[in-house]
Number of protein chains: 2
Amino acid sequence: MRHAAAHPAPRPPFRRRARRGAAQVRQRRLGRRGADAVQLDGVARLLRRDGEDRPGVRRPGRGRPGTVAQVGRRGPAEDPGPDGAGAGVLRRYPLYIFDLDGTLYRGDEAIPHAADTVRRLVEEGSAVRYFTNNSGQTREFFARKLQTMGFPCEPGMVYSTATGVAALCRERGVDRVFCVGEPGLVQTLREAAVEVVNADAKGRVWPCGEASAVVVGICRSFTYALLDAALQCLLKGASYWATNTDATYPLEGGRLEPGAGSLVAAVSTCAGRGPDLVVGKPSPWIVRQILEETGVAPQDALLVGDRPETDLACGRTLGCPTCLVLTGVTRQAPPDQAFCEDLRGLLDPTLR
Amino acid sequence: MRHAAAHPAPRPPFRRRARRGAAQVRQRRLGRRGADAVQLDGVARLLRRDGEDRPGVRRPGRGRPGTVAQVGRRGPAEDPGPDGAGAGVLRRYPLYIFDLDGTLYRGDEAIPHAADTVRRLVEEGSAVRYFTNNSGQTREFFARKLQTMGFPCEPGMVYSTATGVAALCRERGVDRVFCVGEPGLVQTLREAAVEVVNADAKGRVWPCGEASAVVVGICRSFTYALLDAALQCLLKGASYWATNTDATYPLEGGRLEPGAGSLVAAVSTCAGRGPDLVVGKPSPWIVRQILEETGVAPQDALLVGDRPETDLACGRTLGCPTCLVLTGVTRQAPPDQAFCEDLRGLLDPTLR
């Protein structure tokens with residue numbers, strides 16, 4: 001894993017320019033210190049980011065830093081490597097939280113080296129959890145898919161926004177919801193003993209029934225009548241939860257289809273208010289749930305994903321270190337973002 | 001018709017407080033002048049609003065002020081009435097543009113005195129046009145409805161956002177569109193020789209076909225697949241026009257249903273951009289069209305409606321005088337807004 005700001009290898013001019021801009025900003029903040037101090041400062045700030053205290057942020061596992069009973073032993077810290085890249089973030093973590101699409105697979109194809117890396121992390125004693133914004137499938141579906149690709153995975157290791165909504169219902173004591181979603185979301189809720197008032201035996205949703213909570217996610221059977229039925233619940237004061245607000249989903253071949261965010265926008269517009277809670281990234285809700293269930297402190301859980309603004313932002317809020325992987329939609333790491341070209345970078349800091 | 005700021009009749013405390021607040025603001029702007037000057041200033045500003053020049057606003061009929069050939073003679077100016085209320089806006093206008101719901105009828109019931117008033121205005125030589133944000137019906141439908149209630153109306157006097165989109169297609173030379181809308185919109189477009197690529201013989205829309213312009217309005221047959229098909233057109237660079245952006249529609253009994261605005265929000269979110277043009281109120285597009293077709297200058301056309309922020313805003317932008325009527329959703333006139341309790345106020349300034 002490398003660190004963008006401290007990386008010393010030759011870069012094309014536009015990347016160097018971007019870095020220099022960031023360095024100048026830091027230099028101004030540092031006053032009279034020179035360029036070396038600036039480089040070091042980049043690393044030092046990452047070190048601080050791991051451990052610093054953030055007022056106002058609730059920290060799951062707080063008071064039990066480094067609790068690893070549920071997730072196995074802490075792995076050995078890595079050498080920083082010959083160029084010192086990534087020092088301060090580069091070590092083995094008790095817990096790795098992986099995004100799926102763009103990080104472990106693309107569509108139905110595993111990304112090279114991803115499965116080997118995750119297997120090795122598990123063999124060396126780290127715990128692994130998988131986290132997707134997708135609300136349309138059950139965790140069993142994702143577990144099967146990951147197993148087929150060679151990833152070590154059981155259903156309980158998968159966190160989707162469907163499992164997130166189920167956990168939210170548990171937390172809030174809600175056992176009946178009106179659902180704008182796919183059969184996979186309905187099934188996940190039913191398995192958590194939550195009644196979906198408007199779903200048939202196959203989990204397909206219809207414009208009927210009322211409940212004191214409305215859940216909106218991707219829903220390919222979305223209709224105007226369903227929107228109207230959701231509105232009527234909300235006008236009567238129902239809680240309003242969104243699985244996620246992704247505007248579009250990428251399909252194979254580069255095609256985009258409307259995401260849950262566009263349906264949330266329709267509901268929010270007629271209801272005159274946004275969701276009370278968004279479960280998916282960039283909201284930290286599910287990462288917090290993972291930390292609580294594994295008992296790992298935020299600084300001991302590395303978030304790995306291909307989208308800084310969603311996959312990584314949701315953990316950063318909680319104080320988790322993050323690593324961008326360039327195998328998905330992001331081709332260049334933002335300044336100050338630890339990153340690796342592919343997942344092997346998590347194991348070997350000298351890898352080029 | 002009265003003028004809120006200048007109205008001298010006793011009012012409940014909260015209304016008086018609101019007026020006094022507005023007067024104080026004006027007084028500050030006026031410097032050392034006293035309360036009388038403030039009252040007069042309210043009237044004077046209305047006079048100015050009628051005739052003043054607004055840079056940057058295109059004025060239909062400009063250079064032909066007061067052209068009335070198409071709409072009949074200019075009516076006689078009214079006396080200002082014993083208390084002077086409404087002086088400066090209170091006169092007969094060559095053209096009256098009426099909102100429908102809340103102004104002329106509520107649901108299927110005519111509002112008392114509305115039809116008599118409109119008939120008298122026409123008898124005295126004024127022209128009348130009707131303007132609704134509704135895109136779901138043809139102008140023949142509205143004309144029949146208004147005639148049944150006793151309003152003087154021919155289909156050509158009705159302007160809906162459906163006729164607005166048809167006019168927009170004519171103006172832009174577009175003869176094929178992808179439509180998210182009701183059969184009434186499809187029929188209106190077909191009558192204007194615009195092909196709707198995704199509609200069947202009955203005018204019902206389906207998720208098929210492509211065009212270089214996408215029209216989004218209220219659509220009770222809206223589905224996820226239709227949203228996806230609209231998105232694919234927009235991703236290929238199609239123009240994007242919305243009939244209107246009303247978040248909800250009020251139904252009889254106080255029920256609300258999702259409006260075109262909520263469907264526009266869904267399309268805009270996944271497309272990553274808002275409409276290139278919104279035809280309906282508060283956009284001035286259709287009022288401009290009415291002024292151009294009747295040849296009336298903005299200052300000679302009075303806009304009458306029950307929603308200041310939409311019905312009246314769309315004309316104010318163009319320099320039209322406006323009159324709020326309190327028979328619809330608005331129960332209290334904003335400061336500086338000319339208003340009447342019901343439409344009789346357009347005829348008789350002394351009416352209480």
# chains A, B, ... in the order shown; residues from 1 in each chain; ligands from 1
>>> residues_around(residues="Gly184 (chain B)", least_positions_apart="3", cutoff="7 Å", atoms="only C-alpha atoms", output="list in words")
Gly136, Gln137, Thr138, Gln187 and Thr188 of chain B
>>> write_last_selection(atoms="all heavy atoms", output="mmCIF file, in the first residue's frame")
data_model
loop_
_atom_site.group_PDB
_atom_site.id
_atom_site.type_symbol
_atom_site.label_atom_id
_atom_site.label_comp_id
_atom_site.auth_asym_id
_atom_site.auth_seq_id
_atom_site.Cartn_x
_atom_site.Cartn_y
_atom_site.Cartn_z
ATOM 1 N N GLY B 136 -51.936 16.627 -18.195
ATOM 2 C CA GLY B 136 -52.529 15.307 -18.375
ATOM 3 C C GLY B 136 -53.779 15.281 -19.228
ATOM 4 O O GLY B 136 -54.309 14.203 -19.503
ATOM 5 N N GLN B 137 -54.284 16.455 -19.636
ATOM 6 C CA GLN B 137 -55.524 16.499 -20.404
ATOM 7 C C GLN B 137 -55.346 17.392 -21.625
ATOM 8 O O GLN B 137 -54.464 18.243 -21.657
ATOM 9 C CB GLN B 137 -56.665 17.059 -19.533
ATOM 10 C CG GLN B 137 -56.915 16.284 -18.241
ATOM 11 C CD GLN B 137 -57.570 14.927 -18.473
ATOM 12 O OE1 GLN B 137 -57.946 14.593 -19.606
ATOM 13 N NE2 GLN B 137 -57.692 14.140 -17.415
ATOM 14 N N THR B 138 -56.247 17.236 -22.584
ATOM 15 C CA THR B 138 -56.209 18.090 -23.778
ATOM 16 C C THR B 138 -56.909 19.414 -23.483
ATOM 17 O O THR B 138 -57.668 19.536 -22.520
ATOM 18 C CB THR B 138 -56.941 17.407 -24.942
ATOM 19 O OG1 THR B 138 -58.304 17.215 -24.549
ATOM 20 C CG2 THR B 138 -56.306 16.060 -25.266
ATOM 21 N N GLN B 187 -51.682 12.935 -26.803
ATOM 22 C CA GLN B 187 -52.652 13.363 -27.814
ATOM 23 C C GLN B 187 -52.399 14.806 -28.252
ATOM 24 O O GLN B 187 -52.452 15.133 -29.440
ATOM 25 C CB GLN B 187 -54.066 13.225 -27.243
ATOM 26 C CG GLN B 187 -55.154 13.409 -28.290
ATOM 27 C CD GLN B 187 -56.548 13.247 -27.695
ATOM 28 O OE1 GLN B 187 -56.729 12.495 -26.738
ATOM 29 N NE2 GLN B 187 -57.519 13.952 -28.253
ATOM 30 N N THR B 188 -52.099 15.667 -27.276
ATOM 31 C CA THR B 188 -51.822 17.073 -27.597
ATOM 32 C C THR B 188 -50.606 17.185 -28.514
ATOM 33 O O THR B 188 -50.603 17.971 -29.467
ATOM 34 C CB THR B 188 -51.583 17.870 -26.294
ATOM 35 O OG1 THR B 188 -52.718 17.711 -25.448
ATOM 36 C CG2 THR B 188 -51.362 19.342 -26.582
#
>>> interface_residues(of="chain A", to="chain B", cutoff="10 Å", atoms="only C-alpha atoms", output="NGL selection string")
:A and (218-232 or 235 or 245-249 or 255-272)
>>> select_by_dssp(residues="region 242-280 of chain B", states="strand (DSSP E)", output="list in words")
Ala242, Thr248, Tyr249, Pro250, Leu256, Glu257, Pro258, Leu277 and Val278 of chain B
>>> select_by_dssp(residues="region 136-350 of chain B", states="helix (DSSP H, G or I)", output="MDAnalysis selection string")
chainID B and resid 139:148 155:157 161:172 183:191 224:235 252:254 260:271 285:294 298:300 308:316 343:346
>>> residues_around(residues="region 204-217 of chain B", least_positions_apart="2", cutoff="7 Å", atoms="only C-alpha atoms", output="ChimeraX atom specification")
/B:135,176-183,197-200,202,219,225-226,229-230,233,238-244,260,264
>>> write_last_selection(atoms="C-alpha atoms", output="PDB file, in the first residue's frame")
ATOM      1  CA  SER B 135     -50.277  18.333 -18.670  1.00  0.00           C
ATOM      2  CA  ARG B 176     -40.125  13.236 -32.344  1.00  0.00           C
ATOM      3  CA  VAL B 177     -40.015  12.973 -28.562  1.00  0.00           C
ATOM      4  CA  PHE B 178     -39.722  10.340 -25.858  1.00  0.00           C
ATOM      5  CA  CYS B 179     -42.511  11.018 -23.419  1.00  0.00           C
ATOM      6  CA  VAL B 180     -43.031  10.367 -19.709  1.00  0.00           C
ATOM      7  CA  GLY B 181     -46.640  11.499 -19.495  1.00  0.00           C
ATOM      8  CA  GLU B 182     -50.361  10.890 -19.643  1.00  0.00           C
ATOM      9  CA  PRO B 183     -52.389  10.081 -22.770  1.00  0.00           C
ATOM     10  CA  VAL B 197     -41.880   7.356 -30.080  1.00  0.00           C
ATOM     11  CA  ASN B 198     -42.920   5.364 -27.019  1.00  0.00           C
ATOM     12  CA  ALA B 199     -46.730   5.655 -27.023  1.00  0.00           C
ATOM     13  CA  ASP B 200     -49.332   3.167 -28.219  1.00  0.00           C
ATOM     14  CA  LYS B 202     -54.335   4.882 -26.915  1.00  0.00           C
ATOM     15  CA  CYS B 219     -47.422  10.071 -15.592  1.00  0.00           C
ATOM     16  CA  ALA B 225     -38.371   0.687 -16.837  1.00  0.00           C
ATOM     17  CA  LEU B 226     -39.763   3.962 -18.208  1.00  0.00           C
ATOM     18  CA  ALA B 229     -35.555   4.297 -20.981  1.00  0.00           C
ATOM     19  CA  ALA B 230     -35.700   8.079 -20.423  1.00  0.00           C
ATOM     20  CA  CYS B 233     -32.100   8.891 -24.185  1.00  0.00           C
ATOM     21  CA  ALA B 238     -31.309  14.247 -25.727  1.00  0.00           C
ATOM     22  CA  SER B 239     -32.837  17.578 -24.725  1.00  0.00           C
ATOM     23  CA  TYR B 240     -34.729  17.397 -21.437  1.00  0.00           C
ATOM     24  CA  TRP B 241     -37.973  19.315 -20.978  1.00  0.00           C
ATOM     25  CA  ALA B 242     -40.290  19.181 -17.983  1.00  0.00           C
ATOM     26  CA  THR B 243     -43.955  20.166 -18.138  1.00  0.00           C
ATOM     27  CA  ASN B 244     -43.769  21.473 -14.563  1.00  0.00           C
ATOM     28  CA  ALA B 260     -44.790  15.816 -12.009  1.00  0.00           C
ATOM     29  CA  VAL B 264     -38.729  15.048 -12.761  1.00  0.00           C
TER      30      VAL B 264
END
>>> residues_around(residues="region 302-316 of chain B", least_positions_apart="6", cutoff="7 Å", atoms="only C-alpha atoms", output="list in words")
Tyr93, Leu95, Tyr96, Ile97, Phe98, Asp99, Gly102, Thr103, Lys281, Pro282, Ser283, Pro284, Val287, Thr322, Cys323, Leu324, Val325, Leu326, Thr327, Gly328, Val329 and Thr330 of chain B
>>> residues_around(residues="Ala193 (chain A)", least_positions_apart="3", cutoff="8 Å", atoms="only C-alpha atoms", output="PyMOL selection string")
chain A and resi 175+189-190
